Structure formats: structure tokens, C-alpha cells
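Below is one structure, written out as C-alpha cells; comments come after it.
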Amino acid sequence: MQELLPNVPEWHRAVVAAAAGAGLRWGECLGLRWDDIELPDDDQAATLTVRRVVIEVNGHPADKPYPKTAQSRRAVPVPSFLRAELQRHHGLTNAGNTDRVFTNQAGDPMLRSNFRRQVWRPSLVRAGLLGSVTEMGPHRFRAAWHDREGVEWSAEFTTHRDAVAHVAVKAAGGLRFHDLRHGYATWLVSSGVPVNVVQAVMGHEQASTTLNRYTHTPADFHRLIRDAFAAPADELLTKNDDSRSGGAASDEGGVP
């Protein structure tokens, strides 16, 4: 996020932070109202509540008065970086125009396709996360990108903006907005947050969904297992009092 957020246009920075810092889906971000957000003086008490979503029907956004499932209706703690972005964003919005938190600059719900084309992918390019744009000299910018077959292409432009726009259209792949939600969950699991807690803040109906998508990689498991045995071997192998007195049988049916 340190690379991406500064390269997102100011008006849209908070919606990216909400996906990365609260694990919200696109429609959940757009469904937020300012009265769903609590930002008290105590930084540890800041929360947002998912109560509704915005869906797109034939290219038109529409409010849906309830989220994806019953579990999707949830309160989510707000980390400090998201709190700061929400406070800054509140200062940019016209509360008299709409109570929606995230809109286009006309105050209307954003279309996902427009956001992806006009905001998201150019932001990835500027952040160095999709293709590259290099300044070659006065009014000379080299754009480079890979196509779907992995072939590298390049072209020169007279403005940085045109070079960025070209890469955003031509480059294959790239981070998706929904990947921010995946990154949020993976970070929580990797940091040791219990799976049932991750399930709750993600709004998953089944804990198995959380386990299947966001559990550690085998390499992580190996490290965790080794760390579990980090205590000195003499402590791990010390017999308990019962075994010293011969009172308790071992798990192997009494075999020493």
C-alpha cells in the first residue's frame, strides 16, 4: 500500500484504503454511508459497519438494502491508516449533496468499469505495479508493457499522462481491486489472527471459506511448526509428575 496509495488520485484514495484496510468488497464500499462510520477520538474504537451494498444492473448502479449474506452485515475495526484516509476524504465531500461515502465527483455511485479504466489501472502504472513509464528526456517518456503472451512492447510519448494511459490499456494482468480484500485476509491470517475472527470481519458464511482461501502456504506452516518447538529440548522432553510416579499410561498403551 505504501507504493499504491500515493499514486491513486486524491478523490479515490479512501475507497482503495477501505478495501485494503477493512477487506470490503467493491459493492460494500459503495454502499457505505457516513453514519455507518464511527471515528471517535479513541483511535482504537474506530469502526465501520457494512449494512448495504451497491450492485450494477445493465450498467446502472442500484442500492441493495442488505449485503451478500447475513454474515456480510458486520462491524469492522478501522486501522489507523484507513481512519486517516476517511477523515481526509470527509473533508473533500459535500455532505449536503449525498450521504454516500464513495461516489464519483458528481456525487453519484461509481461504475466499476469506469473506475477500473480511469482510476485503478493508471494508478497501478504510476505505482510501478503494471508495466513501466520512464522519462527519457524533455517531453520524452518511454512506456513498456507485456501482452498476454508475455511479449514486451514499448512506445514513446510526449507526456507522462499519455504514456501511463497507454500502458493501463495495453498491459496484460495486473492487480485487481478485489485482490486488496484477499491481501487483507491473508495479512490477518499470517499475523496470527484466529480464523473465526477473520471469518467474522470478512463476512464469510462458512469458516471453511476463510480456511480454504487464506490459510498459510506450506512454507509458512513449516516455519510455524519449527517455532512451536523453539523451547529448549530439555523442557520439551521433561516427563510430567504422573509419568515419574508411574501413575499414568502413555499414549501408546503403556509402552515406555
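Residue numbers start at 1 in each chain; chains themselves are named A, B, ... in the order of the C-alpha cells; ligands are numbered from 1 in the order shown.
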Selection near range 133-146 of chain A, 12 Å with only C-alpha atoms, sequence-local residues under 5 positions removed, as a ChimeraX atom specification: /A:122,124-128,151-174
Alpha helix (DSSP H) positions in range 10-180 of chain A, given as a PyMOL selection string: chain A and resi 13-22+26-31+80-92+112-115+121-126+160-170+179-180
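Separating CA of Val15 in chain A from CA of Ser132 in chain A is a distance of 24.2 Å.
Considering the residues A:Gln118, A:Asn196, A:Thr49, A:Asn58 and counting only C-alpha atoms, Arg73 in chain A has its shortest atom-to-atom contact with A:Thr49.
Comparing A:Ser123, A:Thr103, A:Gln199, A:Thr186 by their smallest distance to Val54 in chain A, the closest is A:Thr103 (using only C-alpha atoms).
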Long-range neighbours of range 31-40 of chain A as a ChimeraX atom specification, 9 Å cut-off, only C-alpha atoms, 6 positions minimum in chain: /A:46-55,63-65,67,78,83,86-87,90,95,98-102,109
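Using only C-alpha atoms, the contacts of Phe177 in chain A at a cut-off of 9 Å, with sequence neighbours closer than 3 positions omitted, comprise Val16, Ala19, Arg25, Trp26, Arg116, Trp120, Leu180 and Arg181 of chain A.
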DSSP-assigned strand (DSSP E or B) among range 17-170 of chain A, expressed as a VMD selection string: chain A and resid 33 37 to 38 47 to 50 53 to 57 60 to 64 74 to 77 100 132 to 137 140 to 146 152 to 157
Residue neighbourhood Gly23 in chain A, 9 Å, only C-alpha atoms, exclusion window fewer than 3 positions, as a ChimeraX atom specification: /A:18-20,76,178,180-185,201-202
Proximity to Ala17 in chain A - best of A:Glu85, A:Glu205, A:Asp147, A:Asp108, only C-alpha atoms: A:Glu85
Separation of CA of Met1 in chain A from CA of Asp179 in chain A in Å: 12.0 Å
Among listed residues A:Pro9, A:Gly91, A:Gly27, A:Pro79, nearest Tyr66 in chain A (using only C-alpha atoms): A:Gly27
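Picture a line from CA of Leu175 in chain A to CA of Glu3 in chain A; it runs 12.9 Å.
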